[in-house]
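J.: Sharing a structure here in C-alpha cells format.
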Amino acid sequence: MTAPTEIFDTLVHAGWILPVAPAGAILPDHSLAVRDGRIAAIMPQSQGRALRARETFDLPGHALLPGLINSHGHAAMSLLRGYADDLPLMPWLEEHIWPAEGRHVGEDFVAVGVELAIAEMVRAGTTTFSDMYFFPDICARVAQASRIRCQLVFPILDFPTAWARDADEYISKGLALRDDVKHSELVTVGFGPHAPYTVNKGNLGKVATLAAELDTPVQIHLHETTGEVLQAVEQHGERPLDTLYELGLLGPRTQCVHMTDLGDQDIALLARTGAHVVHCPQSNLKLAAGICPVSKLLDAGVNVALGTDSAASNNNLNLFAEMRAAALLAKFRSGDASTLPAASVLAMATIGGARALGLEEQTGSLEPGKLADMIAVNLSGPETQPVHNALSQIVYACNGSQVSHNWVGGDLLLRDGELQYTDLTSLGARAAAWQARIAGTGSTP
Ligand SMILES: CSC[C@H]1O[C@@H](n2cnc3c(O)ncnc32)[C@H](O)[C@@H]1O
Ligand SMILES: [Zn+2]
C-alpha cells in the first residue's frame, strides 16, 4: 500500500502493463510507481492517477514491460559487423574473425565497439546484457558510464591474445576485475571459458573449482554445431556436455550457449543439473550451425534464455528480432503452430535471462520490490495497429524501433527515442575511423 502523500521518483501511466510474472498477464490502463530505483507499486490507472511523483510519464498506446535481457554476446564485435558474412562457424572464426581480432583488438577497439553495441541495445529495449570478450575491464567502464546492467564473463582460452598469455593469466585478470566491481550496482562478473575445443580439461576443471568456491556464474559456448560434438567424440571419446558434467561444471551456475546438437539424454542431464541454456537463433541460422530444441528443453524443465551473440554473426543486437525468430523457428521445427507462444518467448527474453544470469530476485519481471528495469513500447504506429493483444504485438509485430523509453534501476537511458548518455554523432565518427583502420585505409585512432 502507498500513503496518499508519498512522492515517488517516477510514475508511468501505460496503455498496457505486461509484467511477465504471472506469465502472459496483460494489465490494461495500469500505472507503475518507482521509488529509489525499485518498483514500488503497480495498480489500475483509476488509482495510479491519484499518486504524485517527481516525474510522470503519460504513455497511452504504449506497453510497459520488463527490459529485455541479452544473455549472450560479444559487444565489441559490433565493429566487425559485416566484416565476414555467409560462412560456416569454423571458417568464419579461424580464417576471418580470429585473425582480425589478432590485428585489432585492444582497449580502444573494445571501448568504441562496446559503446556502439550499448547504443544499439538500449534503443531496442535491452536493459541487461551479458558479455564475453577481451578487455572486460573496458566493457565494465563503458557499461557503467552508459548506466546499463551487465554480466561480464571474462574470457578464458588456452592460447595467448592481446589480453592475456595463458589460462592462469586470463583467470587472475578476470578475478581482479571481479574484485574491482564488487560494489557495482550494475556489473556482475563470471567465468567465460570460450568452448570445450579452446579450453582443455585441466583448465575447465580449474574453472569448475573456482566457480564453486566463489559461487560465481560460468558461461560457455557449447554444442554449437554437430561438427563440434563429433570432433569431441573422436578426440575424447565423449560428448562435450558429458565432459563438463564429469568436471563438475554443470549446475545452476552454468549458462550453456547455443546447444543445437542435443539428444534426449543431454536434455535430461541439463534438467537434472539445473544448467541454463542460452538460445541464439539468428546467429545459429546465419552460421548454419543448427537449431536448439527450445520447446523440448522447456518441456523438460530447463530454463532457456535468449541472446543475440555478436553483431559479426547476427548481424544486429536486437532482441525483438531474436524473439520473433525464436518463435517462428520453434513452430517450424515442431510442425505445430502452437509451439512456443508469445508469452513463452517474452519470458525467455526477460525472466528466463534473469534466472540464467543469477539476477532473478532483482530483475526480469515487473513486480514490487524488483529493480525498475523496464521499457515502454509505442504501439500506436500503423505496424502495430489495431491492438487486439499487446503481447502478440510485442513478439510478432514490433521490430524494436517502437521502443520509446528505457529505464535501468529507475534511471532513464532512453527518453522518447533519444539516448540520454550517448553522443551518437561522435560515436559514429569513432566507429567509422575503426572501419577505415580495419579496411587498411585509415590511420591509428
Ligand atoms: C574468448 S572471447 C570470445 C571469442 O568468441 C568468439 N566468438 C564469437 N562468436 C562466436 C561463436 O558463435 N562461437 C564461438 N566463438 C565465437 C569471438 O570472436 C572471440 O574470439
Ligand atoms: Zn558467442
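By order in the C-alpha cells, chains are A, B, ...; within a chain, residues start at 1; ligands start at 1, following the order shown.
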Please run DSSP on the backbone and report, as a ChimeraX atom specification, all residues within range 64-236 of chain A that come out as strand (DSSP E or B).

T.: /A:64-66,68-70,126-131,149-156,187-193,218-222

J.: Within 6 Å of ligand 1 (counting only C-alpha atoms and all ligand atoms), which residues show up? I'd like them as JSON, numbers by chain.

T.: {"A": [97, 98, 132, 133, 134, 155, 156, 194, 310]}

J.: Please return as an NGL selection string: the residues of range 73-318 of chain A that backbone DSSP assigns to alpha helix (DSSP H).

T.: :A and (89-91 or 98-104 or 107-123 or 136-146 or 167-180 or 201-214 or 226-236 or 240-246 or 264-273 or 281-286 or 294-299)

J.: List the neighbours of Val345 in chain A out to 9 Å using only C-alpha atoms; skip same-chain residues closer than 4 positions along the sequence, and give me the result as an NGL selection string.

T.: :A and (306 or 323-324 or 326-327 or 340-341 or 349-350 or 395)

J.: Go ahead and write the residues just picked, N, CA and C atoms, as a compact mmCIF listing (two decimals), in the first residue's frame.

T.:
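And here's selection.txt as it stands now:
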```txt
# COMPACT_ATOMS: atom_id res chain seq x y z
N LEU A 306 17.59 -15.95 -23.90
CA LEU A 306 17.76 -15.57 -25.31
C LEU A 306 18.97 -14.66 -25.45
N MET A 323 13.37 -12.58 -30.59
CA MET A 323 12.14 -13.21 -30.06
C MET A 323 11.30 -13.77 -31.21
N ARG A 324 11.15 -12.96 -32.26
CA ARG A 324 10.34 -13.40 -33.40
C ARG A 324 10.97 -14.62 -34.07
N ALA A 326 12.96 -16.81 -32.70
CA ALA A 326 12.85 -17.98 -31.80
C ALA A 326 11.47 -18.61 -31.94
N ALA A 327 10.44 -17.77 -31.95
CA ALA A 327 9.07 -18.29 -32.03
C ALA A 327 8.83 -19.00 -33.36
N LEU A 340 5.81 -22.77 -28.61
CA LEU A 340 6.44 -21.53 -28.17
C LEU A 340 5.57 -20.29 -28.45
N PRO A 341 4.46 -20.17 -27.73
CA PRO A 341 3.60 -19.00 -27.92
C PRO A 341 4.27 -17.71 -27.43
N ALA A 349 13.06 -13.96 -23.01
CA ALA A 349 13.85 -12.73 -23.21
C ALA A 349 13.91 -11.86 -21.95
N THR A 350 13.18 -12.25 -20.90
CA THR A 350 13.15 -11.41 -19.69
C THR A 350 13.48 -12.25 -18.45
N VAL A 395 5.75 -9.44 -29.57
CA VAL A 395 6.57 -10.57 -30.05
C VAL A 395 6.53 -10.70 -31.58
```

J.: How would you write, as a list in words, the set of residues no farther than 7 Å from ligand 2 when counting only C-alpha atoms and all ligand atoms?

T.: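 The distance check yields His72, Gly73, His74, His221, Asp309 and Ser310 of chain A.
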
J.: Would you mind exporting the chosen residues as a short mmCIF file (atom, residue, chain, number, x, y, z; two decimals), in the first residue's frame, restricted to N, CA and C atoms?

T.:
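Contents of again.cif, freshly written:
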```
data_model
loop_
_atom_site.label_atom_id
_atom_site.label_comp_id
_atom_site.auth_asym_id
_atom_site.auth_seq_id
_atom_site.Cartn_x
_atom_site.Cartn_y
_atom_site.Cartn_z
N HIS A 72 23.61 -13.48 -24.12
CA HIS A 72 24.92 -13.85 -24.68
C HIS A 72 25.33 -12.92 -25.82
N GLY A 73 26.57 -12.42 -25.73
CA GLY A 73 27.09 -11.62 -26.82
C GLY A 73 28.55 -11.27 -26.63
N HIS A 74 29.06 -10.57 -27.63
CA HIS A 74 30.45 -10.08 -27.62
C HIS A 74 30.33 -8.65 -28.14
N HIS A 221 30.39 -21.41 -24.69
CA HIS A 221 29.80 -21.85 -25.96
C HIS A 221 29.82 -23.38 -25.94
N ASP A 309 24.17 -13.21 -29.59
CA ASP A 309 25.56 -13.43 -30.00
C ASP A 309 26.07 -12.10 -30.57
N SER A 310 27.16 -12.11 -31.33
CA SER A 310 27.73 -10.80 -31.71
C SER A 310 27.11 -10.26 -32.99
#
```

J.: Just to confirm, what's the straight-line distance from CA of Glu107 in chain A to CA of Cys139 in chain A in Å (one decimal)?

T.: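 A separation of 9.3 Å between them.
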
J.: Between A:Asn318, A:Ser31, A:Asn389, A:Ser380, which residue has the minimum interatomic distance to Ile17 in chain A, considering only C-alpha atoms?

T.: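 Nearest to Ile17 in chain A: A:Ser31.
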
J.: Neighbours of Leu328 in chain A within 12 Å (only C-alpha atoms; same-chain residues fewer than 6 positions away dropped), as a ChimeraX atom specification?

T.: /A:281-282,291,294-295,321-322,334-342,345,395-396

J.: Those residues with C-alpha atoms, as a compact mmCIF listing (two decimals), in the first residue's frame please?

T.:
```txt
# COMPACT_ATOMS: atom_id res chain seq x y z
CA PRO A 281 18.58 -18.39 -33.04
CA GLN A 282 19.66 -15.79 -35.59
CA ILE A 291 18.71 -25.31 -34.27
CA VAL A 294 13.87 -25.00 -27.28
CA SER A 295 10.41 -26.40 -26.70
CA ALA A 321 14.14 -9.75 -33.89
CA GLU A 322 15.51 -12.60 -31.77
CA SER A 334 7.88 -28.94 -34.39
CA GLY A 335 5.43 -28.61 -37.27
CA ASP A 336 2.98 -27.29 -34.68
CA ALA A 337 1.95 -23.61 -34.73
CA SER A 338 1.07 -23.70 -31.03
CA THR A 339 4.72 -24.36 -30.07
CA LEU A 340 6.44 -21.53 -28.17
CA PRO A 341 3.60 -19.00 -27.92
CA ALA A 342 4.27 -15.28 -27.47
CA VAL A 345 9.11 -16.18 -25.89
CA VAL A 395 6.57 -10.57 -30.05
CA TYR A 396 5.22 -10.81 -33.60
```

J.: I need the residue nearest Leu214 in chain A from this list: A:Ser365, A:Leu175, A:Ala143, A:Val187. Use only C-alpha atoms for the distance.

T.: A:Leu175

J.: Please identify all polymer residues within 12 Å of Ala305 in chain A, counting only C-alpha atoms, omitting same-chain residues fewer than 3 positions from it, and present them as JSON, numbers by chain.

T.: {"A": [68, 69, 70, 71, 72, 129, 130, 255, 256, 257, 258, 259, 275, 276, 277, 278, 279, 280, 281, 292, 294, 297, 298, 302, 308, 319, 322, 323, 326, 344, 345, 346, 347, 348, 349, 350, 351, 352, 353, 354, 355, 356, 357, 358, 364]}

J.: Applying 12 Å and only C-alpha atoms, which residues near Ala432 in chain A remain after dropping the ones on its own chain fewer than 6 positions away? List them as a PyMOL selection string.

T.: chain A and resi 78-80+109+112-113+116+424-426+438-439+441-443+445

J.: Find, counting only C-alpha atoms, the residue in A:Glu367, A:Asp29, A:Asp266, A:Asp411 that gets nearest to Arg239 in chain A.

T.: A:Asp266

J.: Each residue of range 63-121 of chain A lying at most 12 Å from range 38-46 of chain A should get a row with its shortest atom-to-atom pair and the distance in Å to one decimal, counting only C-alpha atoms; could you produce that, ordered by chain and increasing number, as a tab-separated table?

T.:
```
residue	atom	partner	partner_atom	distance
A:Leu64	CA	A:Ile42	CA	11.2
A:Leu65	CA	A:Ile42	CA	11.9
A:Pro66	CA	A:Ile39	CA	11.0
```

J.: What is the CA of Gln151 in chain A to CA of Leu414 in chain A distance in Å?

T.: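 Between these atoms lies a distance of 20.6 Å.
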
J.: Could you give me, as JSON, numbers by chain, the residues within 10 Å of Thr5 in chain A, counting only C-alpha atoms and dropping anything in the same chain fewer than 5 positions from it?

T.: {"A": [50, 51, 52]}

J.: Suppose you want the space between CA of Val12 in chain A and CA of Ala117 in chain A; what is it in Å?

T.: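 Taking CA of Val12 in chain A and CA of Ala117 in chain A, their separation equals 27.4 Å.
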